[in-house]
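Structure file run24.txt; described as compact mmCIF, C-alpha atoms.
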```
# COMPACT_ATOMS: atom_id res chain seq x y z
CA MET H 518 0.00 0.00 0.00
CA LEU H 519 1.44 3.34 -1.04
CA THR H 520 1.10 6.08 1.51
CA LEU H 521 1.97 9.73 1.17
CA GLY H 522 5.12 10.50 3.12
CA GLU H 523 6.12 6.84 3.26
CA GLU H 524 8.96 5.22 1.38
CA VAL H 525 8.02 3.88 -2.05
CA PRO H 526 8.85 0.33 -3.20
CA SER H 527 12.33 -0.07 -4.53
CA PHE H 528 12.94 -1.46 -8.02
CA SER H 529 15.52 -2.27 -10.61
CA LEU H 530 14.38 -2.39 -14.22
CA PRO H 531 16.03 -2.50 -17.64
CA GLY H 532 15.53 0.62 -19.65
CA ILE H 533 16.79 2.74 -22.46
CA GLN H 534 18.02 6.31 -22.47
CA ARG H 535 19.18 7.97 -25.67
CA GLY H 536 19.84 4.56 -27.22
CA ASP H 537 21.77 3.11 -24.25
CA ILE H 538 20.29 0.06 -22.57
CA LYS H 539 21.05 -0.49 -18.89
CA ASP H 540 19.44 -1.27 -15.55
CA PHE H 541 17.86 1.61 -13.69
CA ARG H 542 17.45 1.33 -9.93
CA LEU H 543 15.40 3.53 -7.68
CA THR H 544 18.36 3.74 -5.32
CA ASP H 545 20.35 5.46 -8.12
CA TYR H 546 18.06 8.44 -7.63
CA ARG H 547 18.44 8.78 -3.88
CA GLY H 548 19.22 12.41 -3.23
CA ASN H 549 17.21 13.57 -6.24
CA TRP H 550 13.59 14.39 -6.73
CA LEU H 551 12.01 11.96 -9.11
CA ILE H 552 8.98 11.94 -11.39
CA LEU H 553 7.92 8.38 -11.99
CA PHE H 554 5.17 8.05 -14.53
CA PHE H 555 3.54 4.82 -15.66
CA TYR H 556 1.82 4.72 -19.03
CA PRO H 557 -0.11 1.90 -20.75
CA GLU H 558 2.00 1.23 -23.80
CA ASP H 559 4.27 2.33 -26.59
CA PHE H 560 2.84 2.86 -30.06
CA SER H 561 -0.44 4.14 -28.77
CA PHE H 562 -2.35 7.35 -29.22
CA ILE H 563 -2.62 9.14 -25.89
CA CYS H 564 0.67 8.01 -24.36
CA PRO H 565 2.82 9.87 -26.90
CA THR H 566 1.14 13.12 -25.93
CA GLU H 567 2.21 12.47 -22.34
CA VAL H 568 5.66 11.13 -23.19
CA MET H 569 6.31 14.09 -25.47
CA GLY H 570 4.91 16.45 -22.85
CA PHE H 571 7.57 15.31 -20.37
CA GLN H 572 10.16 15.46 -23.14
CA ARG H 573 9.32 19.09 -23.91
CA LEU H 574 9.66 20.09 -20.26
CA TYR H 575 12.51 17.73 -19.43
CA SER H 576 15.14 20.46 -19.29
CA GLN H 577 12.95 22.45 -16.90
CA TYR H 578 12.54 19.39 -14.67
CA ARG H 579 16.30 18.92 -14.71
CA THR H 580 16.89 22.55 -13.86
CA LEU H 581 14.69 22.07 -10.80
CA GLY H 582 16.68 19.00 -9.81
CA TYR H 583 14.13 16.40 -10.91
CA GLU H 584 14.77 13.27 -12.89
CA VAL H 585 12.00 11.75 -14.98
CA LEU H 586 11.40 8.03 -15.52
CA GLY H 587 8.71 6.58 -17.78
CA ILE H 588 7.59 2.98 -17.21
CA SER H 589 5.42 0.67 -19.27
CA THR H 590 5.16 -3.07 -19.77
CA ASP H 591 6.75 -2.87 -23.22
CA GLY H 592 10.15 -4.39 -23.89
CA VAL H 593 13.31 -2.32 -24.15
CA GLU H 594 13.55 -2.77 -27.92
CA THR H 595 9.98 -1.59 -28.30
CA HIS H 596 10.92 1.45 -26.22
CA ARG H 597 13.84 2.03 -28.54
CA ALA H 598 11.66 1.91 -31.66
CA TRP H 599 9.04 4.05 -29.96
CA ALA H 600 11.58 6.69 -28.89
CA GLU H 601 12.89 6.80 -32.45
CA GLU H 602 9.35 7.13 -33.78
CA LEU H 603 8.85 10.12 -31.48
CA GLY H 604 12.08 11.74 -32.58
CA GLY H 605 14.10 10.85 -29.49
CA ILE H 606 13.36 10.86 -25.77
CA ASP H 607 16.03 12.16 -23.41
CA TYR H 608 14.82 10.64 -20.17
CA PRO H 609 14.87 6.87 -19.51
CA LEU H 610 12.01 4.62 -20.55
CA LEU H 611 11.93 1.56 -18.31
CA SER H 612 10.63 -1.86 -19.19
CA ASP H 613 8.47 -3.67 -16.63
CA ILE H 614 7.48 -6.56 -18.85
CA ASP H 615 5.90 -8.74 -16.16
CA GLY H 616 4.24 -5.73 -14.52
CA LYS H 617 5.80 -6.44 -11.12
CA VAL H 618 6.77 -2.84 -10.41
CA CYS H 619 3.47 -1.60 -11.85
CA ARG H 620 1.70 -3.82 -9.34
CA GLN H 621 3.88 -2.56 -6.48
CA TYR H 622 2.77 0.94 -7.34
CA GLN H 623 -0.85 -0.16 -7.79
CA ALA H 624 -0.55 0.96 -11.38
CA PHE H 625 -1.39 -2.27 -13.16
CA ASP H 626 -4.54 -3.15 -15.05
CA GLN H 627 -5.19 -6.87 -14.64
CA ASN H 628 -7.49 -7.11 -17.66
CA SER H 629 -5.16 -5.61 -20.21
CA GLN H 630 -1.99 -6.71 -18.36
CA ARG H 631 -0.63 -3.20 -18.85
CA ALA H 632 0.23 -0.22 -16.75
CA VAL H 633 -2.41 2.39 -16.01
CA ARG H 634 -1.77 6.11 -16.17
CA ALA H 635 -0.19 6.95 -12.84
CA THR H 636 2.30 9.61 -11.78
CA PHE H 637 4.36 9.63 -8.60
CA ILE H 638 6.59 12.39 -7.29
CA ILE H 639 9.22 10.95 -5.01
CA ASP H 640 11.45 13.06 -2.78
CA PRO H 641 15.23 12.61 -2.35
CA ARG H 642 14.62 10.20 0.56
CA ALA H 643 12.45 7.98 -1.66
CA ARG H 644 9.23 9.04 0.06
CA LEU H 645 6.05 9.56 -1.84
CA GLN H 646 4.99 13.21 -1.99
CA TYR H 647 2.37 13.22 -4.70
CA CYS H 648 0.48 10.73 -6.80
CA LEU H 649 -2.08 10.84 -9.54
CA TYR H 650 -4.06 8.11 -11.29
CA SER H 651 -5.84 8.98 -14.47
CA ASN H 652 -8.53 7.33 -16.54
CA LEU H 653 -7.19 5.43 -19.53
CA ASN H 654 -8.84 7.92 -21.85
CA VAL H 655 -7.45 11.00 -20.14
CA GLY H 656 -3.86 12.01 -20.73
CA ARG H 657 -1.87 13.75 -18.01
CA SER H 658 -0.39 17.20 -18.30
CA ALA H 659 3.37 17.42 -17.90
CA GLU H 660 2.86 21.11 -17.20
CA GLU H 661 0.58 20.38 -14.27
CA THR H 662 3.13 17.90 -12.93
CA LEU H 663 5.80 20.59 -13.31
CA ARG H 664 3.65 23.04 -11.38
CA VAL H 665 3.20 20.51 -8.58
CA SER H 666 6.93 19.74 -8.65
CA GLN H 667 7.67 23.43 -8.21
CA ALA H 668 5.12 23.67 -5.42
CA LEU H 669 6.74 20.77 -3.59
CA LEU H 670 10.12 22.46 -3.83
CA SER H 671 8.78 25.78 -2.64
CA GLY H 672 8.38 24.50 0.90
CA ARG H 673 5.33 26.73 1.26
CA GLN H 674 1.62 26.19 1.50
CA CYS H 675 0.44 26.35 -2.06
CA PRO H 676 -3.22 26.99 -2.78
CA ALA H 677 -5.02 25.71 -5.84
CA ASP H 678 -3.67 27.13 -9.06
CA TRP H 679 -0.57 28.28 -7.28
CA ARG H 680 2.11 29.48 -9.62
CA PRO H 681 5.76 30.03 -8.80
CA MET K 682 -13.64 -3.60 -56.45
CA ARG K 683 -17.44 -3.64 -56.27
CA ILE K 684 -17.61 -6.15 -59.15
CA LYS K 685 -15.25 -8.44 -57.25
CA GLN K 686 -17.41 -8.08 -54.17
CA ARG K 687 -20.53 -9.08 -56.12
CA GLN K 688 -18.70 -12.07 -57.59
CA LEU K 689 -17.73 -13.15 -54.09
CA GLU K 690 -21.30 -12.67 -52.92
CA ARG K 691 -22.58 -14.92 -55.70
CA LEU K 692 -19.98 -17.53 -54.86
CA GLY K 693 -20.99 -17.20 -51.22
CA ARG K 694 -24.42 -18.52 -52.23
CA ILE K 695 -22.79 -21.93 -52.48
CA ARG K 696 -23.32 -22.10 -48.72
CA GLU K 697 -27.12 -22.15 -49.05
CA ILE K 698 -26.99 -24.60 -51.96
CA VAL K 699 -24.60 -27.07 -50.28
CA PHE K 700 -26.34 -26.75 -46.93
CA GLY K 701 -29.83 -27.20 -48.39
CA MET K 702 -29.06 -29.94 -50.87
CA GLN K 703 -26.86 -31.93 -48.51
CA ASP K 704 -29.57 -31.75 -45.88
CA GLY K 705 -32.17 -32.73 -48.46
CA PHE K 706 -30.14 -35.82 -49.36
CA LEU K 707 -29.19 -36.76 -45.82
CA ALA K 708 -32.41 -36.09 -43.93
CA THR K 709 -34.64 -37.64 -46.59
CA LEU K 710 -32.44 -40.66 -47.12
CA GLY K 711 -32.20 -41.22 -43.37
CA PHE K 712 -35.94 -40.73 -43.16
CA VAL K 713 -36.94 -43.23 -45.86
CA ALA K 714 -34.29 -45.71 -44.77
CA GLY K 715 -35.62 -45.49 -41.23
CA PHE K 716 -39.20 -46.01 -42.43
CA TYR K 717 -38.14 -48.94 -44.56
CA GLY K 718 -36.16 -50.42 -41.69
CA ALA K 719 -39.22 -50.13 -39.45
CA GLY K 720 -41.23 -52.14 -42.00
CA ALA K 721 -43.43 -49.36 -43.40
CA GLY K 722 -45.26 -50.02 -46.66
CA HIS K 723 -44.22 -48.56 -50.00
CA ARG K 724 -47.04 -46.01 -50.20
CA ALA K 725 -46.45 -44.88 -46.62
CA ILE K 726 -42.74 -44.42 -47.32
CA LEU K 727 -43.43 -42.40 -50.47
CA ILE K 728 -46.10 -40.19 -48.93
CA ALA K 729 -44.07 -39.64 -45.77
CA GLY K 730 -41.02 -38.87 -47.89
CA LEU K 731 -42.90 -36.31 -50.00
CA VAL K 732 -44.35 -34.70 -46.90
CA GLU K 733 -40.90 -34.62 -45.35
CA MET K 734 -39.53 -33.05 -48.53
CA ALA K 735 -42.13 -30.27 -48.55
CA ALA K 736 -41.93 -29.61 -44.83
CA GLY K 737 -38.14 -29.79 -44.82
CA ALA K 738 -37.77 -27.43 -47.78
CA MET K 739 -40.13 -24.88 -46.26
CA SER K 740 -38.59 -25.19 -42.85
CA MET K 741 -35.04 -24.87 -44.18
CA GLY K 742 -35.96 -21.93 -46.39
CA ALA K 743 -37.74 -20.11 -43.59
CA ALA K 744 -34.97 -20.88 -41.13
CA GLU K 745 -32.34 -19.56 -43.52
CA PHE K 746 -34.34 -16.40 -44.18
CA LEU K 747 -34.97 -15.74 -40.48
CA SER K 748 -31.53 -16.68 -39.24
CA ALA K 749 -29.76 -14.59 -41.88
CA LYS K 750 -32.03 -11.68 -41.08
CA ALA K 751 -31.44 -12.12 -37.35
CA ARG K 752 -27.71 -12.26 -37.91
CA ARG K 753 -27.86 -9.09 -39.98
CA GLN K 754 -29.89 -7.32 -37.30
CA VAL K 755 -27.47 -8.35 -34.56
CA TYR K 756 -24.59 -7.32 -36.80
CA GLU K 757 -26.12 -3.91 -37.40
CA ARG K 758 -26.74 -3.49 -33.70
CA ALA K 759 -23.10 -4.37 -32.96
CA VAL K 760 -21.95 -1.84 -35.56
CA ARG K 761 -24.17 0.86 -34.04
CA ASP K 762 -22.80 0.09 -30.57
CA GLU K 763 -19.26 0.26 -31.84
CA GLU K 764 -19.94 3.52 -33.65
CA ARG K 765 -21.13 5.01 -30.37
CA ARG K 766 -18.14 3.63 -28.51
CA PHE K 767 -15.84 4.91 -31.21
CA ALA K 768 -17.36 8.38 -30.86
CA ASP K 769 -16.91 8.25 -27.07
CA GLU K 770 -13.48 6.62 -26.94
CA PRO K 771 -11.67 7.05 -30.24
CA TYR K 772 -8.24 6.49 -28.72
CA LEU K 773 -9.26 3.10 -27.41
CA ALA K 774 -10.56 2.12 -30.83
CA HIS K 775 -7.30 3.22 -32.43
CA GLN K 776 -5.36 1.18 -29.91
CA GLU K 777 -7.53 -1.89 -30.40
CA LEU K 778 -6.86 -1.77 -34.12
CA VAL K 779 -3.11 -1.58 -33.46
CA HIS K 780 -3.42 -4.67 -31.27
CA ALA K 781 -5.52 -6.52 -33.85
CA LEU K 782 -2.98 -5.83 -36.59
CA ALA K 783 -0.13 -6.80 -34.28
CA GLU K 784 -1.89 -10.09 -33.54
CA GLU K 785 -1.95 -10.74 -37.28
CA GLY K 786 1.82 -10.47 -37.30
CA VAL K 787 2.27 -6.83 -38.29
CA SER K 788 5.05 -5.31 -36.19
CA LYS K 789 3.77 -2.90 -33.58
CA ASP K 790 5.51 0.11 -35.07
CA LYS K 791 4.11 -0.63 -38.55
CA ALA K 792 0.64 -1.29 -37.11
CA TYR K 793 0.85 2.04 -35.33
CA ARG K 794 1.75 3.88 -38.53
CA ILE K 795 -1.02 2.15 -40.47
CA VAL K 796 -3.59 3.16 -37.85
CA LYS K 797 -2.17 6.66 -37.66
CA LEU K 798 -2.82 7.06 -41.38
CA LEU K 799 -6.19 5.32 -41.31
CA ARG K 800 -7.58 7.46 -38.52
CA GLU K 801 -7.33 10.47 -40.81
CA GLU K 802 -10.12 8.85 -42.85
CA GLU K 803 -12.77 8.04 -40.31
CA ALA K 804 -15.00 5.94 -42.59
CA SER K 805 -12.11 3.78 -43.79
CA PHE K 806 -10.82 3.46 -40.26
CA PHE K 807 -14.18 2.27 -39.02
CA LYS K 808 -14.58 -0.30 -41.79
CA THR K 809 -11.12 -1.67 -41.02
CA PHE K 810 -11.95 -1.63 -37.31
CA GLN K 811 -15.11 -3.65 -37.96
CA ALA K 812 -13.25 -6.24 -39.98
CA LYS K 813 -10.10 -6.55 -37.88
CA VAL K 814 -11.29 -5.92 -34.33
CA LEU K 815 -14.90 -7.05 -34.44
CA GLY K 816 -14.48 -9.68 -37.13
CA LEU K 817 -17.58 -8.32 -38.83
CA SER K 818 -17.67 -8.40 -42.58
CA ALA K 819 -19.78 -5.88 -44.46
CA GLY K 820 -19.48 -7.98 -47.62
CA GLU K 821 -21.97 -10.58 -46.48
CA THR K 822 -24.99 -11.32 -48.60
CA GLU K 823 -27.96 -9.11 -47.90
CA ASN K 824 -30.74 -10.72 -49.94
CA HIS K 825 -32.17 -12.97 -47.26
CA LEU K 826 -35.21 -13.92 -49.33
CA LEU K 827 -33.04 -15.25 -52.15
CA GLY K 828 -30.95 -17.09 -49.55
CA GLY K 829 -34.08 -18.70 -48.12
CA LEU K 830 -35.40 -19.68 -51.55
CA LEU K 831 -32.05 -21.16 -52.54
CA MET K 832 -31.83 -23.12 -49.32
CA GLY K 833 -35.38 -24.45 -49.52
CA GLY K 834 -35.13 -25.18 -53.25
CA SER K 835 -31.83 -26.99 -52.84
CA TYR K 836 -33.31 -29.06 -50.04
CA ALA K 837 -36.26 -30.03 -52.24
CA ILE K 838 -33.98 -31.03 -55.13
CA GLY K 839 -31.84 -33.19 -52.83
CA ALA K 840 -34.93 -34.80 -51.32
CA LEU K 841 -36.49 -35.41 -54.74
CA VAL K 842 -33.40 -37.29 -55.92
CA VAL K 843 -33.78 -39.57 -52.90
CA LEU K 844 -37.51 -40.09 -53.49
CA LEU K 845 -37.47 -40.56 -57.27
CA PRO K 846 -36.67 -44.31 -57.17
CA PHE K 847 -39.63 -44.85 -54.86
CA MET K 848 -41.89 -43.48 -57.59
CA PHE K 849 -40.87 -46.23 -60.03
CA LEU K 850 -39.44 -49.08 -57.98
CA TYR K 851 -40.47 -50.99 -54.87
CA GLY K 852 -39.04 -52.36 -51.63
CA GLY K 853 -35.36 -52.97 -51.20
CA THR K 854 -34.72 -52.24 -54.89
CA ALA K 855 -36.16 -48.74 -54.50
CA LEU K 856 -34.11 -48.15 -51.37
CA ALA K 857 -30.94 -49.45 -53.02
CA ALA K 858 -31.55 -47.26 -56.09
CA SER K 859 -32.31 -44.33 -53.82
CA MET K 860 -29.06 -44.89 -51.98
CA ILE K 861 -27.07 -45.12 -55.21
CA MET K 862 -28.66 -41.97 -56.64
CA SER K 863 -28.15 -40.18 -53.35
CA ALA K 864 -24.56 -41.32 -53.22
CA LEU K 865 -23.95 -40.05 -56.74
CA GLY K 866 -25.76 -36.81 -55.98
CA LEU K 867 -23.82 -36.26 -52.76
CA PHE K 868 -20.55 -37.07 -54.43
CA GLY K 869 -21.40 -34.66 -57.24
CA LEU K 870 -22.35 -31.97 -54.74
CA GLY K 871 -19.12 -32.44 -52.83
CA ALA K 872 -17.11 -32.47 -56.04
CA ALA K 873 -18.78 -29.25 -57.21
CA LYS K 874 -18.02 -27.64 -53.85
CA GLY K 875 -14.43 -28.84 -54.12
CA TYR K 876 -14.15 -27.39 -57.63
CA LEU K 877 -15.49 -23.99 -56.61
CA ALA K 878 -13.32 -23.87 -53.49
CA ARG K 879 -10.29 -25.01 -55.51
CA LEU K 880 -9.98 -28.07 -53.27
CA GLY K 881 -9.58 -31.65 -54.40
CA ILE K 882 -12.70 -32.78 -56.29
CA TRP K 883 -12.34 -36.41 -55.20
CA LYS K 884 -11.53 -35.61 -51.63
CA SER K 885 -14.38 -33.18 -51.29
CA GLY K 886 -16.82 -35.52 -53.05
CA LEU K 887 -15.83 -38.50 -50.90
CA GLU K 888 -16.04 -36.45 -47.72
CA VAL K 889 -19.67 -35.57 -48.35
CA LEU K 890 -20.42 -39.12 -49.49
CA MET K 891 -18.96 -40.70 -46.36
CA ILE K 892 -20.92 -38.43 -44.06
CA ALA K 893 -24.08 -39.22 -45.98
CA THR K 894 -23.46 -42.94 -45.78
CA ALA K 895 -22.97 -42.73 -42.04
CA ALA K 896 -26.21 -40.76 -41.65
CA ALA K 897 -28.20 -43.21 -43.79
CA LEU K 898 -26.84 -46.20 -41.88
CA ALA K 899 -27.64 -44.53 -38.58
CA GLY K 900 -31.20 -43.81 -39.76
CA TYR K 901 -31.64 -47.36 -40.95
CA GLY K 902 -30.23 -48.73 -37.69
CA PHE K 903 -32.57 -46.56 -35.66
CA GLY K 904 -35.50 -47.82 -37.71
CA LEU K 905 -34.52 -51.43 -36.94
CA LEU K 906 -34.78 -50.66 -33.25
CA LEU K 907 -38.37 -49.49 -33.51
CA PRO K 908 -41.27 -51.96 -33.14
CA GLU K 909 -43.08 -52.79 -36.36
CA HIS K 910 -46.55 -52.65 -34.82
```
Written as structure tokens, how would this file's structure read?
Amino acid sequence: MLTLGEEVPSFSLPGIQRGDIKDFRLTDYRGNWLILFFYPEDFSFICPTEVMGFQRLYSQYRTLGYEVLGISTDGVETHRAWAEELGGIDYPLLSDIDGKVCRQYQAFDQNSQRAVRATFIIDPRARLQYCLYSNLNVGRSAEETLRVSQALLSGRQCPADWRP
Amino acid sequence: MRIKQRQLERLGRIREIVFGMQDGFLATLGFVAGFYGAGAGHRAILIAGLVEMAAGAMSMGAAEFLSAKARRQVYERAVRDEERRFADEPYLAHQELVHALAEEGVSKDKAYRIVKLLREEEASFFKTFQAKVLGLSAGETENHLLGGLLMGGSYAIGALVVLLPFMFLYGGTALAASMIMSALGLFGLGAAKGYLARLGIWKSGLEVLMIATAAALAGYGFGLLLPEH
């Protein structure tokens, strides 16, 4: 069970970043803020709008000290082809083929055997600070996630529609 | 394209003809063999056979007409449902088509590109979606009345071939002649089917013949079990 403020499940998954395949571990990101977003699958029609959304704002996330990880149940080679199709993705796309990590984050759809749309913001001590689950038909806004990321860094009380 | 579709539709009528005629042979032969096996008289066999032919032809024709119509109505309902779903959840429909193409062996990236292009033409996309995802074919025959008439007529022809010997011959001779004519008719029907389907003529003819023989023997055997009085 994921709880706000509690440590999130650790994982190690193969992934691809700018053509390089390697294992990505949650522990590698200790000390950094992390955006972890699960999406149903590569070569689909809503996911690219989300994946490209994070790609467009990736440099801003990095400037704030965030790293971004995308996870789906597709294989690494599918991720590679998908990233090429989209014109290149700078942040890592991780492959959770058996859905184990998706399940740990309660982001797995048993019927389709794929990830659901879920976003987690994890602080430098691997504690959950924000999460969002979205209907399969509704894509998430990378801008909204950026706004929340900025709010979390502000250390202040941030009302609705807060802007930095 | 349309001409090809019409040709295929006409060829598709072979279903009604094979179904009806085969049933006409099999049911009537089983019927008269059963009556003969039970010791019925010649006149009773002939009258019962003719009644069976008329009732069977009408029943088969009506059943074909109604079942084809029912199938069409259910098909149209399914298409309407999917049209609504497509309007509500187009992304899901796009994704389902990608999956369907991938299941056919198209690589996922190619399937994605195909669907990406197709979705620019909504009508073409939906037709492809119907065929690939729903397995519904719009090219099915629509003239249910003709289908019913063909089915019923074919049944009557098959049954008549079985009954003809009983109009001129008697007893075991009539039954033997009926069986031979039925066997030839069934073989011919199977061979014709094999020719149209570009399958082996002999294999297809023998397949139908063997099934018919089994049915006739079963009917005869059942008749032997029944009391004569």
Please tabulate, as JSON lines, the residues of chain K that come within 9 Å of chain H, each with its closest pair of atoms and the distance in Å to one decimal, counting all atoms listed in the file and ordering rows by chain, then residue number upward.
```
{"residue": "K:Glu770", "atom": "CA", "partner": "H:Asn654", "partner_atom": "CA", "distance": 7.0}
{"residue": "K:Pro771", "atom": "CA", "partner": "H:Asn654", "partner_atom": "CA", "distance": 8.9}
{"residue": "K:Tyr772", "atom": "CA", "partner": "H:Phe562", "partner_atom": "CA", "distance": 6.0}
{"residue": "K:Leu773", "atom": "CA", "partner": "H:Asn654", "partner_atom": "CA", "distance": 7.4}
{"residue": "K:His775", "atom": "CA", "partner": "H:Phe562", "partner_atom": "CA", "distance": 7.2}
{"residue": "K:Gln776", "atom": "CA", "partner": "H:Ser561", "partner_atom": "CA", "distance": 5.9}
{"residue": "K:Val779", "atom": "CA", "partner": "H:Ser561", "partner_atom": "CA", "distance": 7.9}
{"residue": "K:Lys789", "atom": "CA", "partner": "H:Phe560", "partner_atom": "CA", "distance": 6.8}
{"residue": "K:Asp790", "atom": "CA", "partner": "H:Phe560", "partner_atom": "CA", "distance": 6.3}
{"residue": "K:Ala792", "atom": "CA", "partner": "H:Phe560", "partner_atom": "CA", "distance": 8.5}
{"residue": "K:Tyr793", "atom": "CA", "partner": "H:Phe560", "partner_atom": "CA", "distance": 5.7}
{"residue": "K:Arg794", "atom": "CA", "partner": "H:Phe560", "partner_atom": "CA", "distance": 8.6}
{"residue": "K:Lys797", "atom": "CA", "partner": "H:Phe562", "partner_atom": "CA", "distance": 8.5}
```
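Separating atom CA of Gly616 of chain H from atom CA of Cys564 of chain H is a distance of 17.3 Å.
The shortest atom-to-atom distance to Lys617 of chain H, with all atoms listed in the file taken into account, belongs to H:Arg631 out of H:Arg631, H:Gly532, H:Gly605, H:Cys648.
Across the model, the gap from atom CA of Ser589 of chain H to atom CA of Phe541 of chain H is 13.7 Å.
The gap separating atom CA of Ala768 of chain K from atom CA of Val633 of chain H is 21.9 Å, in Å to one decimal.
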Item to complete: Please identify all polymer residues within 9 Å of Val568 of chain H, counting all atoms listed in the file, omitting same-chain residues fewer than 6 positions from it, and present them as a PyMOL selection string.
Response: chain H and resi 556+587+603+606+659
Please complete segment 706-712 of chain K so it has all heavy atoms, and hand it over as a CSV table (one decimal), in the coordinates of the input.
```csv
chain,number,residue,atom,x,y,z
K,706,PHE,N,-30.6,-34.4,-49.2
K,706,PHE,CA,-30.1,-35.8,-49.4
K,706,PHE,C,-30.2,-36.6,-48.0
K,706,PHE,O,-30.8,-37.6,-47.9
K,706,PHE,CB,-28.7,-35.8,-49.9
K,706,PHE,CG,-28.6,-35.5,-51.4
K,706,PHE,CD1,-27.7,-34.6,-51.8
K,706,PHE,CD2,-29.4,-36.2,-52.3
K,706,PHE,CE1,-27.6,-34.3,-53.2
K,706,PHE,CE2,-29.2,-35.9,-53.7
K,706,PHE,CZ,-28.3,-35.0,-54.1
K,707,LEU,N,-29.4,-36.0,-47.1
K,707,LEU,CA,-29.2,-36.8,-45.8
K,707,LEU,C,-30.5,-37.0,-45.0
K,707,LEU,O,-30.7,-38.1,-44.6
K,707,LEU,CB,-28.2,-36.0,-44.9
K,707,LEU,CG,-26.8,-35.9,-45.4
K,707,LEU,CD1,-25.9,-35.1,-44.5
K,707,LEU,CD2,-26.2,-37.3,-45.6
K,708,ALA,N,-31.2,-35.9,-44.8
K,708,ALA,CA,-32.4,-36.1,-43.9
K,708,ALA,C,-33.4,-37.0,-44.6
K,708,ALA,O,-34.0,-37.9,-44.0
K,708,ALA,CB,-33.0,-34.7,-43.7
K,709,THR,N,-33.6,-36.8,-45.9
K,709,THR,CA,-34.6,-37.6,-46.6
K,709,THR,C,-34.2,-39.1,-46.7
K,709,THR,O,-35.0,-40.0,-46.5
K,709,THR,CB,-34.9,-37.0,-48.0
K,709,THR,OG1,-35.1,-35.6,-47.8
K,709,THR,CG2,-36.2,-37.6,-48.6
K,710,LEU,N,-32.9,-39.3,-47.0
K,710,LEU,CA,-32.4,-40.7,-47.1
K,710,LEU,C,-32.5,-41.4,-45.8
K,710,LEU,O,-33.0,-42.5,-45.7
K,710,LEU,CB,-31.0,-40.7,-47.6
K,710,LEU,CG,-30.4,-42.1,-47.9
K,710,LEU,CD1,-31.3,-42.8,-49.0
K,710,LEU,CD2,-29.0,-42.0,-48.4
K,711,GLY,N,-32.1,-40.7,-44.7
K,711,GLY,CA,-32.2,-41.2,-43.4
K,711,GLY,C,-33.6,-41.5,-43.0
K,711,GLY,O,-34.0,-42.5,-42.4
K,712,PHE,N,-34.5,-40.6,-43.4
K,712,PHE,CA,-35.9,-40.7,-43.2
K,712,PHE,C,-36.5,-42.0,-43.8
K,712,PHE,O,-37.2,-42.8,-43.2
K,712,PHE,CB,-36.6,-39.4,-43.7
K,712,PHE,CG,-38.0,-39.3,-43.2
K,712,PHE,CD1,-38.4,-38.8,-42.0
K,712,PHE,CD2,-39.1,-39.6,-44.1
K,712,PHE,CE1,-39.7,-38.6,-41.6
K,712,PHE,CE2,-40.4,-39.4,-43.7
K,712,PHE,CZ,-40.7,-38.9,-42.5
```
